[in-house]
Structures are given as structure tokens and as C-alpha cells.
Amino acid sequence: MTTKSTDTEVMALLDAAVARRDGRAYRCLTEHTDWSATSAEVLDRAISMAISFGDMRRGKEFTELGLRKFPECRQFVRASLLFNPRPARVVRTPWRHPKNWFRDSLEWIRQHIDEYEIGHWLAVRPGELIADAPTRDELDKKLAMSGEDGKPSLIYKVIP
């Protein structure tokens, strides 16, 4: 049996179940609601509630539904990164970084991130941009051509 209640009613009941930490009511509502008929905003709220309830499986299902129904909505792309993280690559170097090197590099990125399009790649050191490119391959080529490829830098991909 699938619930045909309005989005407002279902979300109010789901809010209450999450607030009470009532697993039985939460499961009943999430399992018996027709989520395919809801708006992007409702699915986004449902993802947040699933995460706050600790139900990562359901959060992932809501995210995948949101991506299928609303592929242009950035909030579902962001949520998908939570449920399907990309692997990190760690490179060891003998170089010893100065104190706060990583934090200062991230601070530069925070200050300048709006200047770059989503998907763009950046190579940063504290207080400076070393190179940027639309793809990782192009960034690696730029770093190699400039002689910076062996030197430590923070590589960052601009994501939504």
C-alpha cells in the first residue's frame, strides 16, 4: 500500500518521526510513500532527514531518484558525492611542508573558488595558484611543462 497523502502531510509526519527518533514510523513513512511523485524540494528534505536519522541506504535511494527525476538539480549531484565518494590519490614526497600549508592552500581555494567553473582543476600552494585547467590531464601537462609537477601542490577539482 502506497501513501497518497500530500507532500506537506508526509513531510510533517516524517519530521515528527525523525524528531522522536521513532524508527517504526520513519520506516513506514519512507517505505509506503510514493516518492516518485514528489518535488525536488521534498526529495532534498527527505535526503536530509534520512541522513539525520542515520539511514544512509534510504538517503542514497532518495538521491538516486532525485538524480533520475531532476538531473539539472545541483543538490542531488552534491548528495551523490556523499554516497559515492571518489577515491583520493595520495602521493608521498620527501618534501616537508611549512606549518599550516594545507589550511592556507584551502583558504586560497575558498577565496577564489567562484572564479572557476564546476569541473575545473586547480593546483594551489599557500597563497598562489600554480596552474588551472578544465581537465586533470591538461592540468598535469601544464604542471609538467612548467616544471612544477614534482613539487608539492594541492590539487583540487571544483565541484558543485
# chains A, B, ... in the order shown; residues from 1 in each chain; ligands from 1
$ residues_around --residues "range 139-144 of chain A" --least-positions-apart "2" --cutoff "12 Å" --atoms "only C-alpha atoms" --output "list in words"
His120, Trp121, Leu122, Ala123, Val124, Leu129, Ile130, Ala131, Asp132, Ala133, Pro134, Thr135, Arg136, Asp137, Ser146, Gly147, Glu148, Asp149, Gly150, Lys151, Pro152, Ser153, Ile155, Tyr156 and Lys157 of chain A
$ residues_around --residues "Phe76 in chain A" --least-positions-apart "6" --cutoff "12 Å" --atoms "only C-alpha atoms" --output "ChimeraX atom specification"
/A:40-48,59-70,82-84,160
$ atom_distance --atom1 "CA of Pro126 in chain A" --atom2 "CA of Pro85 in chain A"
25.7 Å
$ atom_distance --atom1 "CA of Arg74 in chain A" --atom2 "CA of Ile113 in chain A"
16.4 Å
$ select_by_dssp --residues "chain A" --states "strand (DSSP E or B)" --output "JSON, numbers by chain"
{"A": [3, 33, 121, 122, 123, 124, 125, 128, 129, 130, 131, 132, 133, 154, 155, 156, 157]}
$ select_by_dssp --residues "chain A" --states "helix (DSSP H, G or I)" --output "VMD selection string"
chain A and resid 7 to 20 23 to 31 35 to 37 40 to 53 56 to 69 74 to 83 101 to 115 136 to 146
$ decode --residues "range 52-83 of chain A" --atoms "N, CA and C atoms" --output "mmCIF file, in the first residue's frame"
data_model
loop_
_atom_site.group_PDB
_atom_site.id
_atom_site.type_symbol
_atom_site.label_atom_id
_atom_site.label_comp_id
_atom_site.auth_asym_id
_atom_site.auth_seq_id
_atom_site.Cartn_x
_atom_site.Cartn_y
_atom_site.Cartn_z
ATOM 1 N N SER A 52 20.062 12.557 8.765
ATOM 2 C CA SER A 52 19.999 12.876 10.196
ATOM 3 C C SER A 52 19.502 11.689 11.011
ATOM 4 N N PHE A 53 18.709 10.819 10.386
ATOM 5 C CA PHE A 53 18.225 9.621 11.076
ATOM 6 C C PHE A 53 19.272 8.509 11.038
ATOM 7 N N GLY A 54 20.288 8.678 10.209
ATOM 8 C CA GLY A 54 21.329 7.672 10.102
ATOM 9 C C GLY A 54 21.004 6.579 9.095
ATOM 10 N N ASP A 55 20.007 6.823 8.251
ATOM 11 C CA ASP A 55 19.578 5.840 7.258
ATOM 12 C C ASP A 55 20.235 6.154 5.915
ATOM 13 N N MET A 56 21.496 5.783 5.794
ATOM 14 C CA MET A 56 22.255 6.112 4.593
ATOM 15 C C MET A 56 21.732 5.351 3.367
ATOM 16 N N ARG A 57 21.224 4.150 3.563
ATOM 17 C CA ARG A 57 20.680 3.387 2.441
ATOM 18 C C ARG A 57 19.501 4.122 1.820
ATOM 19 N N ARG A 58 18.598 4.593 2.651
ATOM 20 C CA ARG A 58 17.424 5.317 2.139
ATOM 21 C C ARG A 58 17.853 6.669 1.558
ATOM 22 N N GLY A 59 18.804 7.332 2.199
ATOM 23 C CA GLY A 59 19.308 8.588 1.668
ATOM 24 C C GLY A 59 19.891 8.411 0.274
ATOM 25 N N LYS A 60 20.608 7.309 0.084
ATOM 26 C CA LYS A 60 21.177 7.022 -1.233
ATOM 27 C C LYS A 60 20.060 6.756 -2.249
ATOM 28 N N GLU A 61 19.023 6.028 -1.847
ATOM 29 C CA GLU A 61 17.895 5.761 -2.747
ATOM 30 C C GLU A 61 17.209 7.070 -3.151
ATOM 31 N N PHE A 62 16.974 7.957 -2.189
ATOM 32 C CA PHE A 62 16.349 9.249 -2.493
ATOM 33 C C PHE A 62 17.232 10.066 -3.436
ATOM 34 N N THR A 63 18.539 10.024 -3.202
ATOM 35 C CA THR A 63 19.477 10.765 -4.050
ATOM 36 C C THR A 63 19.441 10.240 -5.482
ATOM 37 N N GLU A 64 19.465 8.925 -5.625
ATOM 38 C CA GLU A 64 19.423 8.332 -6.968
ATOM 39 C C GLU A 64 18.119 8.671 -7.682
ATOM 40 N N LEU A 65 17.003 8.660 -6.948
ATOM 41 C CA LEU A 65 15.717 9.046 -7.534
ATOM 42 C C LEU A 65 15.761 10.513 -7.960
ATOM 43 N N GLY A 66 16.318 11.362 -7.100
ATOM 44 C CA GLY A 66 16.442 12.786 -7.424
ATOM 45 C C GLY A 66 17.291 13.018 -8.661
ATOM 46 N N LEU A 67 18.375 12.272 -8.794
ATOM 47 C CA LEU A 67 19.232 12.410 -9.975
ATOM 48 C C LEU A 67 18.501 11.984 -11.251
ATOM 49 N N ARG A 68 17.700 10.929 -11.143
ATOM 50 C CA ARG A 68 16.940 10.473 -12.322
ATOM 51 C C ARG A 68 15.842 11.462 -12.698
ATOM 52 N N LYS A 69 15.102 11.937 -11.699
ATOM 53 C CA LYS A 69 13.963 12.832 -11.964
ATOM 54 C C LYS A 69 14.386 14.264 -12.279
ATOM 55 N N PHE A 70 15.417 14.739 -11.604
ATOM 56 C CA PHE A 70 15.840 16.137 -11.714
ATOM 57 C C PHE A 70 17.345 16.219 -11.953
ATOM 58 N N PRO A 71 17.822 15.767 -13.114
ATOM 59 C CA PRO A 71 19.269 15.735 -13.351
ATOM 60 C C PRO A 71 19.924 17.113 -13.340
ATOM 61 N N GLU A 72 19.139 18.170 -13.509
ATOM 62 C CA GLU A 72 19.707 19.518 -13.523
ATOM 63 C C GLU A 72 19.863 20.113 -12.127
ATOM 64 N N CYS A 73 19.338 19.464 -11.105
ATOM 65 C CA CYS A 73 19.386 19.999 -9.732
ATOM 66 C C CYS A 73 20.721 19.662 -9.069
ATOM 67 N N ARG A 74 21.443 20.701 -8.721
ATOM 68 C CA ARG A 74 22.783 20.533 -8.162
ATOM 69 C C ARG A 74 22.786 19.851 -6.798
ATOM 70 N N GLN A 75 21.703 20.008 -6.025
ATOM 71 C CA GLN A 75 21.708 19.414 -4.690
ATOM 72 C C GLN A 75 21.792 17.887 -4.748
ATOM 73 N N PHE A 76 21.260 17.275 -5.814
ATOM 74 C CA PHE A 76 21.337 15.819 -5.932
ATOM 75 C C PHE A 76 22.729 15.376 -6.379
ATOM 76 N N VAL A 77 23.381 16.193 -7.184
ATOM 77 C CA VAL A 77 24.761 15.897 -7.576
ATOM 78 C C VAL A 77 25.650 15.957 -6.331
ATOM 79 N N ARG A 78 25.453 16.977 -5.504
ATOM 80 C CA ARG A 78 26.237 17.097 -4.258
ATOM 81 C C ARG A 78 25.979 15.903 -3.346
ATOM 82 N N ALA A 79 24.708 15.557 -3.178
ATOM 83 C CA ALA A 79 24.368 14.429 -2.303
ATOM 84 C C ALA A 79 24.976 13.139 -2.829
ATOM 85 N N SER A 80 25.020 12.977 -4.147
ATOM 86 C CA SER A 80 25.582 11.742 -4.713
ATOM 87 C C SER A 80 27.056 11.598 -4.364
ATOM 88 N N LEU A 81 27.762 12.713 -4.207
ATOM 89 C CA LEU A 81 29.170 12.650 -3.818
ATOM 90 C C LEU A 81 29.330 12.123 -2.395
ATOM 91 N N LEU A 82 28.349 12.377 -1.552
ATOM 92 C CA LEU A 82 28.372 11.851 -0.191
ATOM 93 C C LEU A 82 28.226 10.334 -0.208
ATOM 94 N N PHE A 83 27.327 9.846 -1.047
ATOM 95 C CA PHE A 83 27.048 8.410 -1.072
ATOM 96 C C PHE A 83 27.981 7.631 -1.991
#
